[in-house]
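Pasted below: run19.txt, compact mmCIF, C-alpha atoms and all ligand atoms.
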# COMPACT_ATOMS: atom_id res chain seq x y z
CA MET A 1 -17.91 15.99 3.63
CA LYS A 2 -18.22 19.74 3.09
CA LYS A 3 -21.07 21.40 5.03
CA LYS A 4 -23.79 22.70 2.74
CA GLN A 5 -23.88 26.51 2.81
CA MET A 6 -27.23 27.95 3.83
CA LYS A 7 -28.89 30.07 1.19
CA SER A 8 -28.96 33.78 1.98
CA ILE A 9 -30.74 36.81 0.56
CA LEU A 10 -27.24 38.28 0.26
CA ASP A 11 -26.17 35.66 -2.32
CA ASN A 12 -25.37 37.31 -5.67
CA ARG A 13 -26.51 40.68 -4.36
CA PRO A 14 -23.27 42.62 -3.81
CA LYS A 15 -24.98 45.93 -3.02
CA LEU A 16 -27.14 44.43 -0.31
CA ALA A 17 -24.23 42.34 0.99
CA LYS A 18 -22.11 45.50 1.25
CA GLN A 19 -24.74 47.27 3.34
CA VAL A 20 -25.01 44.33 5.71
CA ALA A 21 -21.21 44.05 5.89
CA GLU A 22 -21.05 47.72 6.92
CA VAL A 23 -23.60 47.09 9.66
CA ALA A 24 -21.49 44.16 10.87
CA GLU A 25 -18.35 46.32 10.84
CA VAL A 26 -20.01 49.05 12.90
CA ALA A 27 -21.49 46.47 15.29
CA GLY A 28 -17.92 45.31 15.95
CA TYR A 29 -16.79 48.87 16.68
CA LEU A 30 -19.68 49.37 19.13
CA TRP A 31 -18.63 46.27 21.03
CA GLN A 32 -14.94 47.26 21.01
CA LYS A 33 -15.83 50.74 22.28
CA GLY A 34 -17.64 49.24 25.26
CA TRP A 35 -20.90 50.84 24.16
CA ALA A 36 -22.72 47.54 23.61
CA GLU A 37 -23.11 45.53 26.81
CA ARG A 38 -25.13 42.36 26.30
CA ASN A 39 -27.77 43.22 23.66
CA GLY A 40 -27.36 46.98 24.14
CA GLY A 41 -28.02 49.19 21.12
CA ASN A 42 -29.60 48.59 17.75
CA ILE A 43 -29.16 49.37 14.07
CA THR A 44 -31.61 49.62 11.18
CA VAL A 45 -30.84 50.43 7.56
CA ASN A 46 -33.37 51.27 4.87
CA ILE A 47 -32.34 48.91 2.06
CA THR A 48 -35.31 49.58 -0.25
CA ASP A 49 -32.99 51.06 -2.91
CA VAL A 50 -31.15 47.77 -3.35
CA VAL A 51 -34.20 45.51 -3.30
CA ASP A 52 -35.01 43.75 -6.59
CA ASP A 53 -38.20 42.17 -7.95
CA GLU A 54 -37.26 38.74 -6.72
CA ILE A 55 -36.97 40.06 -3.16
CA ARG A 56 -40.28 41.88 -3.56
CA HIS A 57 -41.90 38.54 -4.33
CA LEU A 58 -40.33 36.62 -1.48
CA LYS A 59 -42.85 34.92 0.79
CA PRO A 60 -42.75 36.09 4.42
CA ILE A 61 -41.16 33.75 6.96
CA SER A 62 -43.10 35.25 9.88
CA ASP A 63 -46.63 36.30 10.69
CA CYS A 64 -47.75 39.75 9.70
CA ILE A 65 -46.97 41.67 12.89
CA SER A 66 -48.61 44.91 13.98
CA LEU A 67 -46.40 47.97 14.42
CA GLY A 68 -48.90 49.53 16.81
CA ARG A 69 -49.28 52.58 14.60
CA THR A 70 -49.16 53.66 10.98
CA PHE A 71 -46.01 54.95 9.30
CA PRO A 72 -47.43 56.59 6.17
CA ASN A 73 -44.09 57.00 4.36
CA LEU A 74 -42.95 53.40 4.81
CA LYS A 75 -45.32 51.64 2.39
CA GLY A 76 -43.42 48.75 0.79
CA THR A 77 -40.06 49.68 2.31
CA TYR A 78 -37.44 47.16 3.43
CA PHE A 79 -35.09 47.31 6.39
CA PHE A 80 -32.20 45.30 7.72
CA CYS A 81 -32.65 45.30 11.51
CA LYS A 82 -30.65 44.03 14.44
CA GLY A 83 -32.70 41.37 16.25
CA THR A 84 -34.10 42.08 19.69
CA ASN A 85 -31.99 40.62 22.46
CA LYS A 86 -29.16 39.94 20.02
CA ARG A 87 -25.63 40.99 20.87
CA MET A 88 -23.69 43.53 18.80
CA ARG A 89 -20.62 41.35 19.07
CA ASP A 90 -22.59 38.49 17.50
CA LEU A 91 -24.10 40.77 14.84
CA ALA A 92 -20.52 41.68 13.91
CA ARG A 93 -19.63 38.06 13.13
CA TRP A 94 -22.94 36.61 11.98
CA PRO A 95 -25.18 39.45 10.78
CA MET A 96 -27.83 37.28 9.17
CA GLU A 97 -28.24 35.12 12.28
CA ASN A 98 -28.56 38.14 14.57
CA GLY A 99 -30.57 40.40 12.33
CA SER A 100 -33.20 40.08 9.65
CA VAL A 101 -34.75 41.77 6.64
CA ILE A 102 -38.28 43.06 7.14
CA ARG A 103 -40.86 44.43 4.72
CA ILE A 104 -43.41 47.05 5.76
CA THR A 105 -46.77 46.01 4.37
CA ASP A 106 -48.93 48.19 2.14
CA ASP A 107 -51.16 49.29 5.03
CA CYS A 108 -48.03 50.87 6.60
CA SER A 109 -48.91 49.44 10.00
CA HIS A 110 -47.53 45.88 9.92
CA TYR A 111 -44.28 44.20 9.08
CA GLU A 112 -43.23 40.73 8.02
CA ILE A 113 -39.81 39.13 8.15
CA ILE A 114 -38.63 37.93 4.76
CA ALA A 115 -35.02 36.74 5.27
CA ASP A 116 -32.79 34.96 6.23
CA ASN A 117 -34.12 33.76 9.58
CA PRO A 118 -37.24 34.68 11.59
CA VAL A 119 -35.25 36.93 13.96
CA LYS A 120 -37.62 39.39 15.65
CA PRO A 121 -36.42 42.98 15.07
CA THR A 122 -35.17 45.26 17.84
CA SER A 123 -37.47 46.38 20.65
CA GLU A 124 -36.68 49.97 19.63
CA LEU A 125 -38.39 49.46 16.26
CA ALA A 126 -40.90 52.24 17.11
CA SER A 127 -38.09 54.79 17.35
CA HIS A 128 -36.19 53.43 14.36
CA LEU A 129 -39.20 53.35 12.04
CA SER A 130 -40.31 56.76 13.28
CA MET A 131 -36.88 58.10 12.34
CA HIS A 132 -36.99 56.50 8.87
CA ASN A 133 -40.56 57.64 8.33
CA TYR A 134 -39.57 61.18 9.29
CA LEU A 135 -36.47 61.16 7.05
CA ILE A 136 -38.37 59.92 3.99
CA GLY A 137 -41.08 62.50 4.67
CA LYS A 138 -38.64 65.33 4.48
CA GLY A 139 -36.96 63.98 1.33
CA SER A 140 -33.70 63.17 3.10
CA ASN A 141 -31.17 60.75 1.57
CA TYR A 142 -30.38 59.36 5.06
CA LYS A 143 -30.80 55.59 5.22
CA ALA A 144 -29.30 54.49 8.54
CA ALA A 145 -30.33 54.76 12.18
CA LEU A 146 -28.14 53.81 15.11
CA HIS A 147 -28.89 53.59 18.82
CA THR A 148 -26.02 52.88 21.20
CA HIS A 149 -24.95 53.33 24.85
CA PRO A 150 -21.67 55.36 24.93
CA ILE A 151 -20.37 55.37 28.51
CA ASP A 152 -19.00 58.93 28.56
CA LEU A 153 -21.97 60.64 26.89
CA VAL A 154 -24.54 58.75 28.98
CA ALA A 155 -22.61 59.56 32.18
CA MET A 156 -22.84 63.26 31.34
CA THR A 157 -26.65 63.07 31.26
CA HIS A 158 -26.65 62.29 34.98
CA ASN A 159 -25.82 65.98 35.54
CA PRO A 160 -29.02 68.06 35.17
CA GLU A 161 -26.91 71.08 34.14
CA PHE A 162 -25.92 69.27 30.93
CA LEU A 163 -29.54 68.59 30.02
CA LYS A 164 -30.34 72.23 29.38
CA LYS A 165 -30.74 73.09 25.71
CA ASP A 166 -27.44 73.11 23.80
CA VAL A 167 -25.23 73.15 26.91
CA LEU A 168 -23.71 69.77 25.98
CA THR A 169 -23.57 70.67 22.28
CA ASN A 170 -21.50 73.77 22.99
CA LEU A 171 -19.31 72.04 25.54
CA LEU A 172 -18.57 69.11 23.20
CA TRP A 173 -18.03 71.35 20.18
CA SER A 174 -15.52 73.38 22.18
CA MET A 175 -13.32 70.40 23.11
CA ILE A 176 -11.83 69.81 19.63
CA PRO A 177 -12.53 71.52 16.27
CA GLU A 178 -13.45 68.23 14.55
CA THR A 179 -16.61 67.91 16.63
CA ARG A 180 -17.85 71.31 15.44
CA ALA A 181 -17.03 70.30 11.85
CA PHE A 182 -18.22 66.68 11.77
CA CYS A 183 -21.21 66.88 14.09
CA PRO A 184 -22.35 70.29 12.87
CA ARG A 185 -25.95 70.04 14.09
CA GLY A 186 -24.90 69.12 17.64
CA LEU A 187 -26.62 66.90 20.18
CA GLY A 188 -30.35 67.12 20.97
CA ILE A 189 -31.52 66.17 24.46
CA ILE A 190 -34.56 64.05 25.24
CA PRO A 191 -35.64 63.81 28.90
CA TYR A 192 -35.84 60.24 30.23
CA LYS A 193 -38.58 58.14 28.67
CA MET A 194 -39.48 54.46 28.80
CA PRO A 195 -37.24 52.46 26.41
CA SER A 196 -39.10 51.11 23.35
CA SER A 197 -42.04 53.48 23.83
CA PHE A 198 -43.85 55.54 21.20
CA GLU A 199 -43.37 58.48 23.56
CA LEU A 200 -39.60 58.07 23.15
CA ALA A 201 -40.03 57.66 19.37
CA ASP A 202 -42.10 60.86 19.11
CA ALA A 203 -39.64 62.86 21.18
CA THR A 204 -36.78 61.53 19.05
CA ILE A 205 -38.19 62.69 15.73
CA LYS A 206 -39.09 66.07 17.20
CA GLU A 207 -35.41 66.59 18.03
CA LEU A 208 -34.25 65.25 14.65
CA ALA A 209 -35.63 68.40 13.06
CA ASP A 210 -32.66 70.22 14.58
CA TYR A 211 -30.07 67.54 15.34
CA ASP A 212 -28.54 64.44 13.66
CA VAL A 213 -27.69 62.89 17.03
CA VAL A 214 -30.04 62.86 19.99
CA MET A 215 -29.41 61.86 23.58
CA TRP A 216 -31.90 59.72 25.43
CA GLU A 217 -31.28 60.84 29.03
CA LYS A 218 -29.64 58.15 31.21
CA HIS A 219 -29.93 55.61 28.36
CA GLY A 220 -28.02 56.25 25.14
CA VAL A 221 -27.82 58.15 21.89
CA SER A 222 -29.57 57.78 18.56
CA ALA A 223 -28.04 59.01 15.34
CA VAL A 224 -29.04 59.08 11.70
CA GLY A 225 -26.90 59.34 8.59
CA GLU A 226 -26.63 58.59 4.88
CA ASN A 227 -25.13 55.27 5.88
CA ILE A 228 -24.36 53.44 9.11
CA MET A 229 -20.67 54.43 9.07
CA GLU A 230 -21.62 58.11 9.03
CA ALA A 231 -24.07 57.73 11.90
CA PHE A 232 -21.36 55.91 13.89
CA ASP A 233 -18.73 58.56 13.10
CA MET A 234 -20.86 61.34 14.53
CA VAL A 235 -21.39 59.50 17.82
CA ASP A 236 -17.70 58.57 17.91
CA THR A 237 -16.70 62.22 17.41
CA LEU A 238 -19.01 63.38 20.21
CA SER A 239 -17.67 60.64 22.46
CA LYS A 240 -14.08 61.77 21.72
CA SER A 241 -15.02 65.27 22.90
CA ALA A 242 -16.61 63.84 26.04
CA GLN A 243 -13.38 61.88 26.67
CA ILE A 244 -11.29 65.05 26.35
CA TYR A 245 -13.57 66.85 28.79
CA LEU A 246 -13.49 63.99 31.30
CA THR A 247 -9.72 63.57 30.97
CA ALA A 248 -9.17 67.26 31.72
CA LYS A 249 -11.49 66.99 34.73
CA ALA A 250 -9.63 63.91 35.92
CA MET A 251 -6.39 65.92 35.71
CA GLY A 252 -8.03 68.33 38.12
CA PHE A 253 -8.97 71.33 35.99
CA GLU A 254 -11.91 72.67 34.04
CA PRO A 255 -10.98 72.57 30.33
CA GLU A 256 -10.91 76.01 28.76
CA GLY A 257 -12.56 75.00 25.47
CA THR A 258 -12.24 76.83 22.18
CA SER A 259 -13.88 80.26 22.25
CA GLN A 260 -17.18 81.22 20.59
CA GLU A 261 -15.10 83.27 18.12
CA GLN A 262 -12.97 80.28 17.19
CA MET A 263 -16.07 78.17 16.68
CA LYS A 264 -17.66 80.91 14.57
CA GLU A 265 -14.52 80.97 12.46
CA LEU A 266 -14.88 77.20 11.86
CA GLN A 267 -18.54 77.60 10.99
CA VAL A 268 -17.68 80.13 8.28
CA ALA A 269 -14.60 78.27 6.97
CA PHE A 270 -16.40 74.92 6.69
CA ASN A 271 -19.75 76.41 5.70
CA LEU A 272 -21.45 74.70 8.66
CA PRO A 273 -25.04 75.19 9.83
CA GLY A 274 -25.35 77.74 12.68
P1 LIG B 301 -32.80 45.32 21.56
O1 LIG B 301 -31.95 44.14 21.97
O2 LIG B 301 -34.27 44.99 21.56
O3 LIG B 301 -32.33 45.91 20.26
O4 LIG B 301 -32.67 46.43 22.71
C1 LIG B 301 -31.45 47.00 23.08
C2 LIG B 301 -31.58 48.39 23.57
O5 LIG B 301 -30.59 49.11 23.60
C3 LIG B 301 -32.89 48.93 23.99
O6 LIG B 301 -32.85 50.30 24.18
ZN ZN B 302 -30.83 51.14 24.48
Taking this structure as input, can you express it in the form of structure tokens?
Amino acid sequence: MKKKQMKSILDNRPKLAKQVAEVAEVAGYLWQKGWAERNGGNITVNITDVVDDEIRHLKPISDCISLGRTFPNLKGTYFFCKGTNKRMRDLARWPMENGSVIRITDDCSHYEIIADNPVKPTSELASHLSMHNYLIGKGSNYKAALHTHPIDLVAMTHNPEFLKKDVLTNLLWSMIPETRAFCPRGLGIIPYKMPSSFELADATIKELADYDVVMWEKHGVSAVGENIMEAFDMVDTLSKSAQIYLTAKAMGFEPEGTSQEQMKELQVAFNLPG
């Protein structure tokens, strides 16, 4: 006898299904890259745009859970979130078993899970929701937030020299022109903070004013983008630059890097922010 398929919020909702499929695709890349040990990293996507009336009327499948603070711009918003303690490699294959859809309640300080399973969202929800709250506040069309643990970039944060403002940005930009072009706002640095803390969340959004990707010292990076693929691509591009730097060092020399003039030329040609 054929096994009965479980009902899913994705059924007959191609736009929502596409967003979740993209999250699953990126989750697979994170695992393949070696950036996602065990449950390492998390993804949230603001899916409010593709939520219909039927979803708005869905009964919660969890308690109403406090967020610990108020996010004034998130009233009635919906997010697909990786579950806490869930593996990226599992999210890649079974997104709705390893993530869930949450609704932020009208008081902006609680959430409830509405589908498909009562999977508790990531422990970095404070940072993720702070990022989304910040993005909505400034009228951005960015919908995705990614946190991941890239080996090369995290290793570089163990050198205090690289933690000085824009030292890593300039070094990584100078390794290959693509990084200057496709990560044009560079890499912000956040001194070590307790994972999952509001302190980390606050520091993250402060840096987002100037950067699309921020480094959490000795932990990982967080990136935002219009969609999850874009956020991933920026981290991937920075990681490629880090690889080039480390490969040159492993060959026994300090890489020369493109010059300030060459980077300036790119900035003008591609109309990039300064
Ligand atoms: P979660 O499993 O709670 O998403 O945590 C992973 C992580 O990377 C924490 O920083
Ligand atoms: Zn982490």
Exercise: residues within 6 Å of coordinate (-29.1, 49.8, 12.1), counting only C-alpha atoms, as a PDB file with C-alpha atoms, keeping the file's coordinate frame:
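Just written: out.pdb:
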ATOM      1  CA  ASN A  42     -29.600  48.590  17.750  1.00  0.00           C
ATOM      2  CA  ILE A  43     -29.160  49.370  14.070  1.00  0.00           C
ATOM      3  CA  THR A  44     -31.610  49.620  11.180  1.00  0.00           C
ATOM      4  CA  VAL A  45     -30.840  50.430   7.560  1.00  0.00           C
ATOM      5  CA  CYS A  81     -32.650  45.300  11.510  1.00  0.00           C
ATOM      6  CA  ALA A 144     -29.300  54.490   8.540  1.00  0.00           C
ATOM      7  CA  ALA A 145     -30.330  54.760  12.180  1.00  0.00           C
ATOM      8  CA  LEU A 146     -28.140  53.810  15.110  1.00  0.00           C
TER       9      LEU A 146
END
With 3 Å added on each side, what axis-aligned box encloses every listed atom of ligand LIG 301 (chain B)? Give the centre and edge lengths in Å to one decimal, as lines of an AutoDock Vina configuration file.
center_x = -32.4
center_y = 47.2
center_z = 22.2
size_x = 9.7
size_y = 12.2
size_z = 9.9
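Taking all atoms listed in the file into account, every polymer residue with at least one atom at most 9 Å away from ligand LIG 301 (chain B) is listed here: Ala36, Glu37, Arg38, Asn39, Gly40, Gly41, Asn42, Ile43, Cys81, Lys82, Gly83, Thr84, Asn85, Lys86, Arg87, Met88, Lys120, Pro121, Thr122, Ser123, Glu124, Leu125, His147, Thr148, His149, Pro195, Ser196, His219 and Gly220 of chain A.
One finds atom CA of Val235 of chain A at 22.0 Å from atom CA of Ala250 of chain A.
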Which residues of segment 24-97 of chain A come within 9 Å of segment 132-140 of chain A, and what is each one's closest atom pair and distance in Å (one decimal), counting all atoms listed in the file, sorted by chain and residue number, as a tab-separated table?
residue	atom	partner	partner_atom	distance
A:Val45	CA	A:His132	CA	8.7
A:Asn46	CA	A:His132	CA	7.5
A:Phe71	CA	A:Asn133	CA	6.2
A:Pro72	CA	A:Asn133	CA	7.3
A:Asn73	CA	A:Asn133	CA	5.4
A:Leu74	CA	A:Asn133	CA	6.0
Query raised in the report: Using all atoms listed in the file, which of the listed residues (A:Lys240, A:Arg180, A:His128, A:Lys249) sits closest to ligand ZN 302 (chain B)?
Result: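 Under the stated criterion, the closest residue is A:His128.
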Query raised in the report: With all atoms listed in the file as the atoms that count, which of A:Glu25, A:Asp63, A:Asp236, A:Asp166 lies nearest to Glu207 of chain A?
Result: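 Checking each of A:Glu25, A:Asp63, A:Asp236, A:Asp166 against Glu207 of chain A, counting all atoms listed in the file, the winner is A:Asp166.
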**Report entry** Residue among A:Leu129, A:Ile9, A:Val268, A:Met175 lying closest to Val224 of chain A, counting only C-alpha atoms
**Finding:** A:Leu129
Query raised in the report: Which value, in Å to one decimal, gives the distance between atom CA of Leu272 of chain A and atom CA of Ile176 of chain A?
Result: 15.4 Å
**Report entry** Interatomic distance (Å, one decimal) between atom CA of Leu172 of chain A and atom CA of Ala242 of chain A
**Finding:**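 Going from atom CA of Leu172 of chain A over to atom CA of Ala242 of chain A, I get 6.3 Å.
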**Report entry** Residue nearest Ala92 of chain A among A:Ala201, A:Val20, A:Ala231, A:Met156 (counting all atoms listed in the file)
**Finding:**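 Smallest distance to Ala92 of chain A is found for A:Val20.
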Could you give me, as a PDB file with C-alpha atoms, in the frame of the given file, the residues that have an atom at most 12 Å away from the point (-43.1, 57.3, 23.7) in the coordinates of the file, using only C-alpha atoms?
ATOM      1  CA  GLY A  68     -48.900  49.530  16.810  1.00  0.00           C
ATOM      2  CA  ARG A  69     -49.280  52.580  14.600  1.00  0.00           C
ATOM      3  CA  GLU A 124     -36.680  49.970  19.630  1.00  0.00           C
ATOM      4  CA  LEU A 125     -38.390  49.460  16.260  1.00  0.00           C
ATOM      5  CA  ALA A 126     -40.900  52.240  17.110  1.00  0.00           C
ATOM      6  CA  SER A 127     -38.090  54.790  17.350  1.00  0.00           C
ATOM      7  CA  SER A 130     -40.310  56.760  13.280  1.00  0.00           C
ATOM      8  CA  ILE A 190     -34.560  64.050  25.240  1.00  0.00           C
ATOM      9  CA  PRO A 191     -35.640  63.810  28.900  1.00  0.00           C
ATOM     10  CA  TYR A 192     -35.840  60.240  30.230  1.00  0.00           C
ATOM     11  CA  LYS A 193     -38.580  58.140  28.670  1.00  0.00           C
ATOM     12  CA  MET A 194     -39.480  54.460  28.800  1.00  0.00           C
ATOM     13  CA  PRO A 195     -37.240  52.460  26.410  1.00  0.00           C
ATOM     14  CA  SER A 196     -39.100  51.110  23.350  1.00  0.00           C
ATOM     15  CA  SER A 197     -42.040  53.480  23.830  1.00  0.00           C
ATOM     16  CA  PHE A 198     -43.850  55.540  21.200  1.00  0.00           C
ATOM     17  CA  GLU A 199     -43.370  58.480  23.560  1.00  0.00           C
ATOM     18  CA  LEU A 200     -39.600  58.070  23.150  1.00  0.00           C
ATOM     19  CA  ALA A 201     -40.030  57.660  19.370  1.00  0.00           C
ATOM     20  CA  ASP A 202     -42.100  60.860  19.110  1.00  0.00           C
ATOM     21  CA  ALA A 203     -39.640  62.860  21.180  1.00  0.00           C
ATOM     22  CA  THR A 204     -36.780  61.530  19.050  1.00  0.00           C
ATOM     23  CA  ILE A 205     -38.190  62.690  15.730  1.00  0.00           C
ATOM     24  CA  LYS A 206     -39.090  66.070  17.200  1.00  0.00           C
ATOM     25  CA  TRP A 216     -31.900  59.720  25.430  1.00  0.00           C
TER      26      TRP A 216
END
Report task. Identify which of the residues A:Leu10, A:Leu208, A:Leu16, A:Val23 lies closest to Met229 of chain A, counting all atoms listed in the file when measuring atom-to-atom distances. Result ->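 Ranking A:Leu10, A:Leu208, A:Leu16, A:Val23 by distance to Met229 of chain A, first place goes to A:Val23.
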